[in-house]
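S.K.: One structure is given below, represented as structure tokens, and several questions about it will come after.
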Amino acid sequence: MTKLKNKLLIIVDGTNYLYRSYFAFKNFKNKKGKPTGVIYGILIMLKKVFNKYNPDKIIIIFDHKKKTFRKEIYKKYKKNRKKIPQELKKQIKSVIKIIKYIGIPVLKIPKFEADDIICTVATQQIKKIEKILILTNDKDITQVVNKNINILHHNGKILGIKEVKKKYGVPPKLIKYFLAIVGDRSDNIPGIPGIGIQTAKKILKIFKSLKEIYKNLNKLKLLNIRNSKNLKKIFEKNKKIAFLSYSLSKIKMNIKLKKLNKNFKLKKPNIKKLFQYFKKNDFIKLKKSFKKSYWFNQLIKK
């Protein structure tokens with residue numbers, strides 16, 4: 001077997017971290033009174049990640065502002081979510097600009113959510129690299145977890161196959177079916193009314209997909225589950241909504257676009273523009289810590 005030259009790719013769920021940074025550093029402003037918390041939070045996260053993992057490749061992926069295919073098949077998808085805060089919205093362009101100054105590739109694609117792009121990139125790149133860490137707290141992305149692709153939470157915990165199963169009660173490959181059955185309030189995915197988390201776990205332990213469940217409806221009454229005698233009727237009545245929920249919860253891992261065939265290696269930073277930006281936003285200490293960082297100095301030498 002040929003040894004892979006690249007050992008680690010880090011994929012950052014940019015949209016997830018925009019919100020995390022916004023709420024963590026909500027009151028941050030520069031001397032002119034402009035909000036800078038989102039920018040600061042993203043930079044702090046990147047500094048920590050580079051100092052700890054020193055990845056061979058990295059990419060940051062964001063949601064596109066255009067309507068996604070999920071919204072097209074279900075108008076109520078994510079309708080329960082509040083509009084993006086204006087103070088956050090104002091900083092997004094600056095965040096992307098400064099990320100590019102550091103030399104990190106950024107990607108967003110119309111009609112697809114960051115989740116779909118992240119999982120597609122991970123699936124494609126794992127053929128070229130030994131290990132992938134995805135920085136996110138989004139449970140949907142756990143669908144792509146395997147022995148070589150793990151999730152790194154903001155708290156530093158790494159989720160592999162065992163950790164996903166312990167946290168959600170089902171292994172990564174069954175997450176899409178689990179969410180299709182129980183629904184997902186955060187994304188406004190309806191799920192099947194009357195089927196709770198524990199019931200879904202027990203059913204999926206035996207029947208490993210929605211198709212298998214619907215092939216074996218007569219066997220549901222034999223399961224050692226509360227209200228098992230009514231399960232067949234519940235599933236029959238909600239078949240349409242079950243498969244709709246599945247279409248919404250299933251992450252696409254095979255987007256075929258030229259943009260995804262890129263090499264995600266770090267580029268040489270634009271030091272002049274980067275440090276001008278630090279000065280403009282009063283990131284004095286951050287500038288000093290960047291200058292002292294081993295990884296940053298290695299990039300400058302490229």
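Residue numbers start at 1 in each chain; chains themselves are named A, B, ... in the order of the structure tokens; ligands are numbered from 1 in the order shown.
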Taking the backbone alone, and naming residues the way the document does, which bits of region 91-121 of chain A are helix (DSSP H, G or I) by DSSP, as a list in words?
M.R.: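 Everything in region 91-121 of chain A that counts as helix (DSSP H, G or I) is Ile92, Lys93, Ser94, Val95, Ile96, Lys97, Ile98, Ile99, Lys100, Tyr101, Ile102, Ala114, Asp115, Asp116, Ile117, Ile118, Cys119, Thr120 and Val121 of chain A.
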S.K.: Dump N, CA, C and O atoms for the selected residues as a JSON list (two decimals), in the first residue's frame?
M.R.:
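Written out: again_26.json:
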[["chain", "number", "residue", "atom", "x", "y", "z"],
["A", 92, "ILE", "N", -19.63, 38.88, 8.12],
["A", 92, "ILE", "CA", -19.34, 37.68, 7.33],
["A", 92, "ILE", "C", -18.32, 37.94, 6.22],
["A", 92, "ILE", "O", -17.36, 37.19, 6.04],
["A", 93, "LYS", "N", -18.52, 39.02, 5.46],
["A", 93, "LYS", "CA", -17.58, 39.32, 4.37],
["A", 93, "LYS", "C", -16.17, 39.54, 4.89],
["A", 93, "LYS", "O", -15.18, 39.11, 4.27],
["A", 94, "SER", "N", -16.08, 40.21, 6.03],
["A", 94, "SER", "CA", -14.77, 40.46, 6.64],
["A", 94, "SER", "C", -14.12, 39.16, 7.11],
["A", 94, "SER", "O", -12.90, 38.97, 6.97],
["A", 95, "VAL", "N", -14.93, 38.25, 7.66],
["A", 95, "VAL", "CA", -14.42, 36.94, 8.10],
["A", 95, "VAL", "C", -13.81, 36.19, 6.92],
["A", 95, "VAL", "O", -12.68, 35.68, 7.00],
["A", 96, "ILE", "N", -14.55, 36.12, 5.83],
["A", 96, "ILE", "CA", -14.07, 35.40, 4.64],
["A", 96, "ILE", "C", -12.80, 36.05, 4.08],
["A", 96, "ILE", "O", -11.85, 35.37, 3.69],
["A", 97, "LYS", "N", -12.78, 37.37, 4.10],
["A", 97, "LYS", "CA", -11.62, 38.11, 3.59],
["A", 97, "LYS", "C", -10.37, 37.78, 4.42],
["A", 97, "LYS", "O", -9.30, 37.48, 3.87],
["A", 98, "ILE", "N", -10.51, 37.81, 5.74],
["A", 98, "ILE", "CA", -9.35, 37.58, 6.61],
["A", 98, "ILE", "C", -8.89, 36.12, 6.58],
["A", 98, "ILE", "O", -7.70, 35.82, 6.71],
["A", 99, "ILE", "N", -9.83, 35.21, 6.38],
["A", 99, "ILE", "CA", -9.47, 33.79, 6.24],
["A", 99, "ILE", "C", -8.61, 33.58, 4.99],
["A", 99, "ILE", "O", -7.61, 32.86, 5.01],
["A", 100, "LYS", "N", -8.98, 34.28, 3.94],
["A", 100, "LYS", "CA", -8.21, 34.19, 2.69],
["A", 100, "LYS", "C", -6.84, 34.86, 2.84],
["A", 100, "LYS", "O", -5.86, 34.41, 2.24],
["A", 101, "TYR", "N", -6.77, 35.93, 3.64],
["A", 101, "TYR", "CA", -5.48, 36.57, 3.90],
["A", 101, "TYR", "C", -4.52, 35.59, 4.59],
["A", 101, "TYR", "O", -3.32, 35.60, 4.34],
["A", 102, "ILE", "N", -5.07, 34.73, 5.47],
["A", 102, "ILE", "CA", -4.25, 33.74, 6.16],
["A", 102, "ILE", "C", -3.76, 32.66, 5.18],
["A", 102, "ILE", "O", -2.73, 32.03, 5.40],
["A", 114, "ALA", "N", -23.78, 23.76, 3.96],
["A", 114, "ALA", "CA", -22.40, 23.47, 4.34],
["A", 114, "ALA", "C", -22.24, 21.98, 4.69],
["A", 114, "ALA", "O", -21.23, 21.36, 4.34],
["A", 115, "ASP", "N", -23.25, 21.40, 5.35],
["A", 115, "ASP", "CA", -23.21, 19.98, 5.74],
["A", 115, "ASP", "C", -22.93, 19.07, 4.54],
["A", 115, "ASP", "O", -22.11, 18.16, 4.62],
["A", 116, "ASP", "N", -23.65, 19.31, 3.44],
["A", 116, "ASP", "CA", -23.50, 18.47, 2.25],
["A", 116, "ASP", "C", -22.11, 18.62, 1.64],
["A", 116, "ASP", "O", -21.50, 17.63, 1.22],
["A", 117, "ILE", "N", -21.63, 19.85, 1.59],
["A", 117, "ILE", "CA", -20.30, 20.11, 1.00],
["A", 117, "ILE", "C", -19.21, 19.50, 1.89],
["A", 117, "ILE", "O", -18.27, 18.86, 1.41],
["A", 118, "ILE", "N", -19.36, 19.68, 3.21],
["A", 118, "ILE", "CA", -18.39, 19.13, 4.16],
["A", 118, "ILE", "C", -18.27, 17.62, 4.01],
["A", 118, "ILE", "O", -17.16, 17.07, 3.91],
["A", 119, "CYS", "N", -19.41, 16.94, 3.97],
["A", 119, "CYS", "CA", -19.40, 15.47, 3.90],
["A", 119, "CYS", "C", -18.92, 14.97, 2.54],
["A", 119, "CYS", "O", -18.27, 13.92, 2.45],
["A", 120, "THR", "N", -19.22, 15.71, 1.48],
["A", 120, "THR", "CA", -18.72, 15.35, 0.15],
["A", 120, "THR", "C", -17.21, 15.50, 0.09],
["A", 120, "THR", "O", -16.50, 14.61, -0.39],
["A", 121, "VAL", "N", -16.70, 16.63, 0.58],
["A", 121, "VAL", "CA", -15.26, 16.87, 0.60],
["A", 121, "VAL", "C", -14.55, 15.79, 1.42],
["A", 121, "VAL", "O", -13.54, 15.23, 1.00]]
S.K.: Taking only region 18-247 of chain A into account, list the residues labelled strand (DSSP E or B) by DSSP (computed from the backbone), as a PDB file with N, CA and C atoms, in the first residue's frame.
M.R.:
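So states-v5.pdb came out as:
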ATOM      1  N   LYS A  29     -16.078  45.024  20.142  1.00  0.00           N
ATOM      2  CA  LYS A  29     -16.120  46.087  19.126  1.00  0.00           C
ATOM      3  C   LYS A  29     -14.743  46.744  19.043  1.00  0.00           C
ATOM      4  N   PRO A  35     -18.719  46.081  15.311  1.00  0.00           N
ATOM      5  CA  PRO A  35     -18.620  44.744  15.922  1.00  0.00           C
ATOM      6  C   PRO A  35     -17.503  43.915  15.286  1.00  0.00           C
ATOM      7  N   LYS A  57      -3.627  20.053   5.422  1.00  0.00           N
ATOM      8  CA  LYS A  57      -4.605  20.747   4.590  1.00  0.00           C
ATOM      9  C   LYS A  57      -5.730  21.259   5.482  1.00  0.00           C
ATOM     10  N   ILE A  58      -6.377  22.322   5.025  1.00  0.00           N
ATOM     11  CA  ILE A  58      -7.537  22.848   5.759  1.00  0.00           C
ATOM     12  C   ILE A  58      -8.460  23.550   4.777  1.00  0.00           C
ATOM     13  N   ILE A  59      -9.742  23.511   5.054  1.00  0.00           N
ATOM     14  CA  ILE A  59     -10.725  24.252   4.270  1.00  0.00           C
ATOM     15  C   ILE A  59     -11.851  24.690   5.199  1.00  0.00           C
ATOM     16  N   ILE A  60     -12.388  25.864   4.947  1.00  0.00           N
ATOM     17  CA  ILE A  60     -13.538  26.347   5.724  1.00  0.00           C
ATOM     18  C   ILE A  60     -14.730  26.453   4.779  1.00  0.00           C
ATOM     19  N   ILE A  61     -15.843  25.840   5.192  1.00  0.00           N
ATOM     20  CA  ILE A  61     -17.023  25.744   4.330  1.00  0.00           C
ATOM     21  C   ILE A  61     -18.210  26.468   4.965  1.00  0.00           C
ATOM     22  N   VAL A 106     -11.641  28.802   1.071  1.00  0.00           N
ATOM     23  CA  VAL A 106     -13.034  28.947   1.515  1.00  0.00           C
ATOM     24  C   VAL A 106     -13.940  28.415   0.409  1.00  0.00           C
ATOM     25  N   LEU A 107     -15.015  27.739   0.810  1.00  0.00           N
ATOM     26  CA  LEU A 107     -15.921  27.162  -0.187  1.00  0.00           C
ATOM     27  C   LEU A 107     -17.377  27.299   0.235  1.00  0.00           C
ATOM     28  N   ILE A 129      -5.815  11.164   1.873  1.00  0.00           N
ATOM     29  CA  ILE A 129      -5.263  11.626   3.152  1.00  0.00           C
ATOM     30  C   ILE A 129      -5.557  10.600   4.239  1.00  0.00           C
ATOM     31  N   GLU A 130      -4.743  10.574   5.282  1.00  0.00           N
ATOM     32  CA  GLU A 130      -4.891   9.543   6.313  1.00  0.00           C
ATOM     33  C   GLU A 130      -6.029   9.814   7.291  1.00  0.00           C
ATOM     34  N   LYS A 131      -6.193  11.070   7.681  1.00  0.00           N
ATOM     35  CA  LYS A 131      -7.164  11.404   8.728  1.00  0.00           C
ATOM     36  C   LYS A 131      -7.849  12.724   8.429  1.00  0.00           C
ATOM     37  N   ILE A 132      -9.143  12.781   8.753  1.00  0.00           N
ATOM     38  CA  ILE A 132      -9.893  14.031   8.598  1.00  0.00           C
ATOM     39  C   ILE A 132     -10.585  14.362   9.921  1.00  0.00           C
ATOM     40  N   LEU A 133     -10.447  15.617  10.341  1.00  0.00           N
ATOM     41  CA  LEU A 133     -11.176  16.123  11.500  1.00  0.00           C
ATOM     42  C   LEU A 133     -12.125  17.218  11.009  1.00  0.00           C
ATOM     43  N   ILE A 134     -13.399  17.084  11.367  1.00  0.00           N
ATOM     44  CA  ILE A 134     -14.389  18.086  10.993  1.00  0.00           C
ATOM     45  C   ILE A 134     -14.760  18.895  12.234  1.00  0.00           C
ATOM     46  N   LEU A 135     -14.526  20.195  12.182  1.00  0.00           N
ATOM     47  CA  LEU A 135     -14.844  21.060  13.317  1.00  0.00           C
ATOM     48  C   LEU A 135     -16.296  21.499  13.214  1.00  0.00           C
ATOM     49  N   ILE A 149     -12.593   9.398   9.563  1.00  0.00           N
ATOM     50  CA  ILE A 149     -13.220  10.730   9.593  1.00  0.00           C
ATOM     51  C   ILE A 149     -13.905  10.927  10.946  1.00  0.00           C
ATOM     52  N   ASN A 150     -13.408  11.875  11.720  1.00  0.00           N
ATOM     53  CA  ASN A 150     -13.958  12.147  13.048  1.00  0.00           C
ATOM     54  C   ASN A 150     -14.436  13.596  13.149  1.00  0.00           C
ATOM     55  N   ILE A 151     -15.219  13.846  14.192  1.00  0.00           N
ATOM     56  CA  ILE A 151     -15.704  15.209  14.453  1.00  0.00           C
ATOM     57  C   ILE A 151     -14.982  15.765  15.677  1.00  0.00           C
ATOM     58  N   LEU A 152     -14.553  17.007  15.556  1.00  0.00           N
ATOM     59  CA  LEU A 152     -13.924  17.699  16.675  1.00  0.00           C
ATOM     60  C   LEU A 152     -14.877  18.778  17.167  1.00  0.00           C
ATOM     61  N   ILE A 158     -13.324  14.605  20.676  1.00  0.00           N
ATOM     62  CA  ILE A 158     -13.382  14.019  19.343  1.00  0.00           C
ATOM     63  C   ILE A 158     -14.424  12.911  19.316  1.00  0.00           C
ATOM     64  N   LEU A 159     -15.301  12.977  18.325  1.00  0.00           N
ATOM     65  CA  LEU A 159     -16.333  11.955  18.167  1.00  0.00           C
ATOM     66  C   LEU A 159     -15.958  11.008  17.029  1.00  0.00           C
ATOM     67  N   ASP A 184     -36.291  16.516  13.789  1.00  0.00           N
ATOM     68  CA  ASP A 184     -35.231  17.388  14.289  1.00  0.00           C
ATOM     69  C   ASP A 184     -35.798  18.800  14.418  1.00  0.00           C
ATOM     70  N   ILE A 189     -37.556  19.465  10.892  1.00  0.00           N
ATOM     71  CA  ILE A 189     -37.853  18.203  10.197  1.00  0.00           C
ATOM     72  C   ILE A 189     -38.921  17.486  11.018  1.00  0.00           C
TER      73      ILE A 189
END
S.K.: Just checking: using only C-alpha atoms, which residue out of A:His64, A:Lys219, A:Lys292, A:Lys256 ends up closest to Leu231 (chain A)?
M.R.: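 Once distances to Leu231 (chain A) are computed over only C-alpha atoms, the minimum belongs to A:Lys219.
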S.K.: Determine, counting only C-alpha atoms, which protein, DNA and RNA residues have an atom within 12 Å of an atom of Glu236 (chain A); residues of the same chain fewer than 4 positions away are not included. Present the result as a list in words.
M.R.: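 In the requested form, the answer reads Ile192, Pro193, Leu210, Ile213, Tyr214, Lys215, Asn216, Leu217, Asn218, Leu220, Asn230, Leu231, Lys232, Lys240, Ile241, Ala242 and Phe243 of chain A.
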S.K.: Please save C-alpha atoms of the selected residues as a short mmCIF file (atom, residue, chain, number, x, y, z; two decimals), in the first residue's frame.
M.R.:
data_model
loop_
_atom_site.label_atom_id
_atom_site.label_comp_id
_atom_site.auth_asym_id
_atom_site.auth_seq_id
_atom_site.Cartn_x
_atom_site.Cartn_y
_atom_site.Cartn_z
CA ILE A 192 -43.11 10.48 12.65
CA PRO A 193 -45.64 11.66 15.26
CA LEU A 210 -36.68 2.95 6.63
CA ILE A 213 -38.92 -1.10 8.59
CA TYR A 214 -41.64 -0.77 5.95
CA LYS A 215 -40.90 -4.25 4.62
CA ASN A 216 -41.40 -5.66 8.11
CA LEU A 217 -44.35 -3.70 9.49
CA ASN A 218 -46.10 -6.89 10.64
CA LEU A 220 -43.19 -4.46 14.77
CA ASN A 230 -49.84 0.31 17.35
CA LEU A 231 -46.49 0.78 15.60
CA LYS A 232 -47.63 -0.70 12.29
CA LYS A 240 -45.13 9.94 3.26
CA ILE A 241 -43.87 12.17 6.07
CA ALA A 242 -41.28 9.54 7.07
CA PHE A 243 -39.67 9.50 3.63
#
S.K.: Which residues are close to region 141-144 of chain A, i.e. within 7 Å by only C-alpha atoms, leaving aside same-chain residues fewer than 4 positions away? Reply as number ranges by chain.
M.R.: A: 115, 119, 164, 172-173, 175-176
S.K.: Excluding Lys280 (chain A) and its own-chain neighbours fewer than 6 positions away, which residues fall within 12 Å of it when counting only C-alpha atoms? Please give them as a PyMOL selection string.
M.R.: chain A and resi 29-34+36+94+273-274+287
S.K.: Can you tell me, as an mmCIF file with N, CA, C and O atoms, in the first residue's frame, what residues are no more than 10 Å from Ile44 (chain A) when counting only C-alpha atoms, ignoring any on the same chain fewer than 5 positions away?
M.R.:
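Contents of the output file selection_34.cif:
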data_model
loop_
_atom_site.group_PDB
_atom_site.id
_atom_site.type_symbol
_atom_site.label_atom_id
_atom_site.label_comp_id
_atom_site.auth_asym_id
_atom_site.auth_seq_id
_atom_site.Cartn_x
_atom_site.Cartn_y
_atom_site.Cartn_z
ATOM 1 N N SER A 21 -19.047 32.050 17.446
ATOM 2 C CA SER A 21 -18.222 33.232 17.704
ATOM 3 C C SER A 21 -19.088 34.447 18.036
ATOM 4 O O SER A 21 -18.745 35.250 18.910
ATOM 5 N N VAL A 38 -17.244 38.215 15.886
ATOM 6 C CA VAL A 38 -17.275 37.040 15.006
ATOM 7 C C VAL A 38 -15.889 36.809 14.394
ATOM 8 O O VAL A 38 -15.378 35.689 14.370
ATOM 9 N N ILE A 39 -15.284 37.896 13.923
ATOM 10 C CA ILE A 39 -13.946 37.822 13.327
ATOM 11 C C ILE A 39 -12.947 37.324 14.366
ATOM 12 O O ILE A 39 -12.154 36.411 14.103
ATOM 13 N N VAL A 49 -6.538 25.560 16.745
ATOM 14 C CA VAL A 49 -6.506 24.359 15.898
ATOM 15 C C VAL A 49 -5.131 24.157 15.275
ATOM 16 O O VAL A 49 -4.582 23.051 15.285
ATOM 17 N N LEU A 286 -3.606 39.536 19.613
ATOM 18 C CA LEU A 286 -3.783 38.445 18.652
ATOM 19 C C LEU A 286 -2.685 38.498 17.587
ATOM 20 O O LEU A 286 -2.148 37.463 17.178
ATOM 21 N N PHE A 290 -0.014 35.511 16.834
ATOM 22 C CA PHE A 290 0.143 34.957 15.492
ATOM 23 C C PHE A 290 1.620 34.977 15.092
ATOM 24 O O PHE A 290 2.150 34.014 14.553
#
S.K.: Between A:Leu266, A:Ile126, A:Ile284, A:Ile10, which one has atoms that come closest to Leu299 (chain A), using only C-alpha atoms?
M.R.: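 Looking at the shortest contact to Leu299 (chain A), the residue is A:Leu266.
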S.K.: Which residue is closest to Ile42 (chain A)? Choose from A:Lys288, A:Lys237, A:His154, A:Arg70 and count only C-alpha atoms.
M.R.: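 Result for the nearest residue to Ile42 (chain A): A:His154.
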S.K.: Using only C-alpha atoms, which of the listed residues (A:Ser209, A:Gln86, A:Gln125, A:Thr15) sits closest to Lys265 (chain A)?
M.R.: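 Residue with the minimum atom-to-atom distance to Lys265 (chain A): A:Gln125.
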S.K.: Would you mind telling me which residue in A:Ile234, A:Leu204, A:Ile300, A:Ile84 lies nearest to Lys267 (chain A) when using only C-alpha atoms?
M.R.: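 Closest to Lys267 (chain A) of all the choices is A:Ile300.
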S.K.: Please provide the set of residues having any atom within 10 Å of Val182 (chain A), restricted to only C-alpha atoms, with same-chain residues fewer than 2 positions apart removed, written as a VMD selection string.
M.R.: chain A and resid 177 to 180 184 to 185 189 to 201 242 245
S.K.: Could you please take those selected residues and save all heavy atoms as a compact mmCIF listing (two decimals), in the first residue's frame?
M.R.:
# COMPACT_ATOMS: atom_id res chain seq x y z
N TYR A 177 -31.63 7.81 9.35
CA TYR A 177 -32.91 7.13 9.59
C TYR A 177 -33.48 7.52 10.95
O TYR A 177 -34.69 7.70 11.10
CB TYR A 177 -32.73 5.61 9.52
CG TYR A 177 -32.13 5.13 8.22
CD1 TYR A 177 -30.90 4.50 8.20
CD2 TYR A 177 -32.80 5.32 7.01
CE1 TYR A 177 -30.34 4.07 7.00
CE2 TYR A 177 -32.25 4.89 5.82
CZ TYR A 177 -31.02 4.26 5.82
OH TYR A 177 -30.47 3.85 4.63
N PHE A 178 -32.58 7.66 11.92
CA PHE A 178 -32.98 8.06 13.27
C PHE A 178 -33.66 9.43 13.23
O PHE A 178 -34.75 9.62 13.79
CB PHE A 178 -31.75 8.08 14.17
CG PHE A 178 -32.01 8.56 15.57
CD1 PHE A 178 -32.75 7.79 16.46
CD2 PHE A 178 -31.51 9.78 16.01
CE1 PHE A 178 -32.99 8.23 17.75
CE2 PHE A 178 -31.74 10.23 17.28
CZ PHE A 178 -32.48 9.45 18.17
N LEU A 179 -33.04 10.38 12.53
CA LEU A 179 -33.61 11.74 12.44
C LEU A 179 -34.89 11.76 11.61
O LEU A 179 -35.80 12.55 11.87
CB LEU A 179 -32.59 12.71 11.83
CG LEU A 179 -31.34 12.98 12.68
CD1 LEU A 179 -30.35 13.85 11.92
CD2 LEU A 179 -31.71 13.64 14.00
N ALA A 180 -34.96 10.87 10.62
CA ALA A 180 -36.19 10.77 9.81
C ALA A 180 -37.37 10.31 10.66
O ALA A 180 -38.51 10.74 10.45
CB ALA A 180 -35.97 9.81 8.65
N ASP A 184 -36.29 16.52 13.79
CA ASP A 184 -35.23 17.39 14.29
C ASP A 184 -35.80 18.80 14.42
O ASP A 184 -36.02 19.49 13.43
CB ASP A 184 -34.05 17.36 13.31
CG ASP A 184 -32.85 18.15 13.84
OD1 ASP A 184 -32.99 18.82 14.88
OD2 ASP A 184 -31.78 18.08 13.21
N ARG A 185 -36.04 19.21 15.64
CA ARG A 185 -36.65 20.53 15.90
C ARG A 185 -35.80 21.67 15.38
O ARG A 185 -36.32 22.67 14.89
CB ARG A 185 -36.88 20.71 17.40
CG ARG A 185 -38.07 19.93 17.94
CD ARG A 185 -38.30 20.27 19.39
NE ARG A 185 -39.40 19.50 19.97
CZ ARG A 185 -39.80 19.61 21.22
NH1 ARG A 185 -39.18 20.45 22.03
NH2 ARG A 185 -40.81 18.87 21.67
N ILE A 189 -37.56 19.46 10.89
CA ILE A 189 -37.85 18.20 10.20
C ILE A 189 -38.92 17.49 11.02
O ILE A 189 -38.71 17.21 12.20
CB ILE A 189 -36.58 17.33 10.06
CG1 ILE A 189 -35.56 18.06 9.18
CG2 ILE A 189 -36.92 15.97 9.47
CD1 ILE A 189 -34.21 17.37 9.09
N PRO A 190 -40.08 17.19 10.42
CA PRO A 190 -41.22 16.72 11.21
C PRO A 190 -41.05 15.37 11.90
O PRO A 190 -41.43 15.21 13.06
CB PRO A 190 -42.36 16.66 10.18
CG PRO A 190 -41.70 16.63 8.85
CD PRO A 190 -40.42 17.37 9.00
N GLY A 191 -40.49 14.36 11.21
CA GLY A 191 -40.42 13.03 11.80
C GLY A 191 -41.79 12.39 11.89
O GLY A 191 -42.79 12.93 11.40
N ILE A 192 -41.85 11.23 12.53
CA ILE A 192 -43.11 10.48 12.65
C ILE A 192 -43.76 10.77 14.00
O ILE A 192 -43.18 10.46 15.04
CB ILE A 192 -42.87 8.96 12.50
CG1 ILE A 192 -42.23 8.67 11.13
CG2 ILE A 192 -44.17 8.18 12.66
CD1 ILE A 192 -41.84 7.22 10.93
N PRO A 193 -44.94 11.37 14.00
CA PRO A 193 -45.64 11.66 15.26
C PRO A 193 -45.88 10.37 16.07
O PRO A 193 -46.27 9.35 15.52
CB PRO A 193 -46.97 12.26 14.82
CG PRO A 193 -46.75 12.71 13.41
CD PRO A 193 -45.74 11.77 12.83
N GLY A 194 -45.60 10.44 17.36
CA GLY A 194 -45.88 9.29 18.22
C GLY A 194 -44.72 8.32 18.37
O GLY A 194 -44.81 7.35 19.13
N ILE A 195 -43.62 8.56 17.66
CA ILE A 195 -42.45 7.69 17.80
C ILE A 195 -41.35 8.48 18.51
O ILE A 195 -40.82 9.46 17.98
CB ILE A 195 -41.91 7.20 16.44
CG1 ILE A 195 -43.01 6.52 15.63
CG2 ILE A 195 -40.72 6.26 16.64
CD1 ILE A 195 -43.47 5.18 16.17
N GLY A 196 -41.00 8.02 19.71
CA GLY A 196 -39.99 8.72 20.50
C GLY A 196 -38.58 8.20 20.24
O GLY A 196 -38.37 7.25 19.49
N ILE A 197 -37.63 8.82 20.91
CA ILE A 197 -36.21 8.50 20.73
C ILE A 197 -35.90 7.04 21.07
O ILE A 197 -35.25 6.33 20.30
CB ILE A 197 -35.35 9.45 21.58
CG1 ILE A 197 -35.40 10.87 20.99
CG2 ILE A 197 -33.90 8.98 21.66
CD1 ILE A 197 -34.75 11.93 21.85
N GLN A 198 -36.36 6.59 22.23
CA GLN A 198 -36.05 5.21 22.66
C GLN A 198 -36.67 4.18 21.74
O GLN A 198 -36.04 3.16 21.41
CB GLN A 198 -36.53 4.99 24.11
CG GLN A 198 -35.84 5.87 25.13
CD GLN A 198 -34.32 5.79 25.07
OE1 GLN A 198 -33.74 4.72 24.90
NE2 GLN A 198 -33.66 6.93 25.21
N THR A 199 -37.89 4.44 21.30
CA THR A 199 -38.56 3.51 20.36
C THR A 199 -37.80 3.44 19.04
O THR A 199 -37.57 2.36 18.50
CB THR A 199 -40.01 3.96 20.11
OG1 THR A 199 -40.71 3.96 21.35
CG2 THR A 199 -40.72 3.02 19.14
N ALA A 200 -37.39 4.60 18.54
CA ALA A 200 -36.64 4.66 17.27
C ALA A 200 -35.34 3.88 17.38
O ALA A 200 -34.96 3.13 16.46
CB ALA A 200 -36.36 6.11 16.90
N LYS A 201 -34.63 4.04 18.49
CA LYS A 201 -33.36 3.32 18.70
C LYS A 201 -33.58 1.80 18.65
O LYS A 201 -32.82 1.06 18.01
CB LYS A 201 -32.76 3.69 20.06
CG LYS A 201 -32.16 5.07 20.14
CD LYS A 201 -31.63 5.26 21.56
CE LYS A 201 -31.25 6.71 21.82
NZ LYS A 201 -30.83 6.91 23.23
N ALA A 242 -42.52 10.23 6.68
CA ALA A 242 -41.28 9.54 7.07
C ALA A 242 -40.23 9.67 5.98
O ALA A 242 -39.07 10.01 6.25
CB ALA A 242 -41.57 8.07 7.35
N SER A 245 -39.05 13.28 5.60
CA SER A 245 -38.09 13.58 6.67
C SER A 245 -36.74 12.96 6.36
O SER A 245 -35.69 13.56 6.66
CB SER A 245 -38.62 13.06 8.01
OG SER A 245 -39.81 13.73 8.36
S.K.: Counting only C-alpha atoms, which residue out of A:Lys258, A:Phe283, A:Lys233, A:Asn188 sits closest to Lys71 (chain A)?
M.R.: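 Checking each of A:Lys258, A:Phe283, A:Lys233, A:Asn188 against Lys71 (chain A), counting only C-alpha atoms, the winner is A:Asn188.
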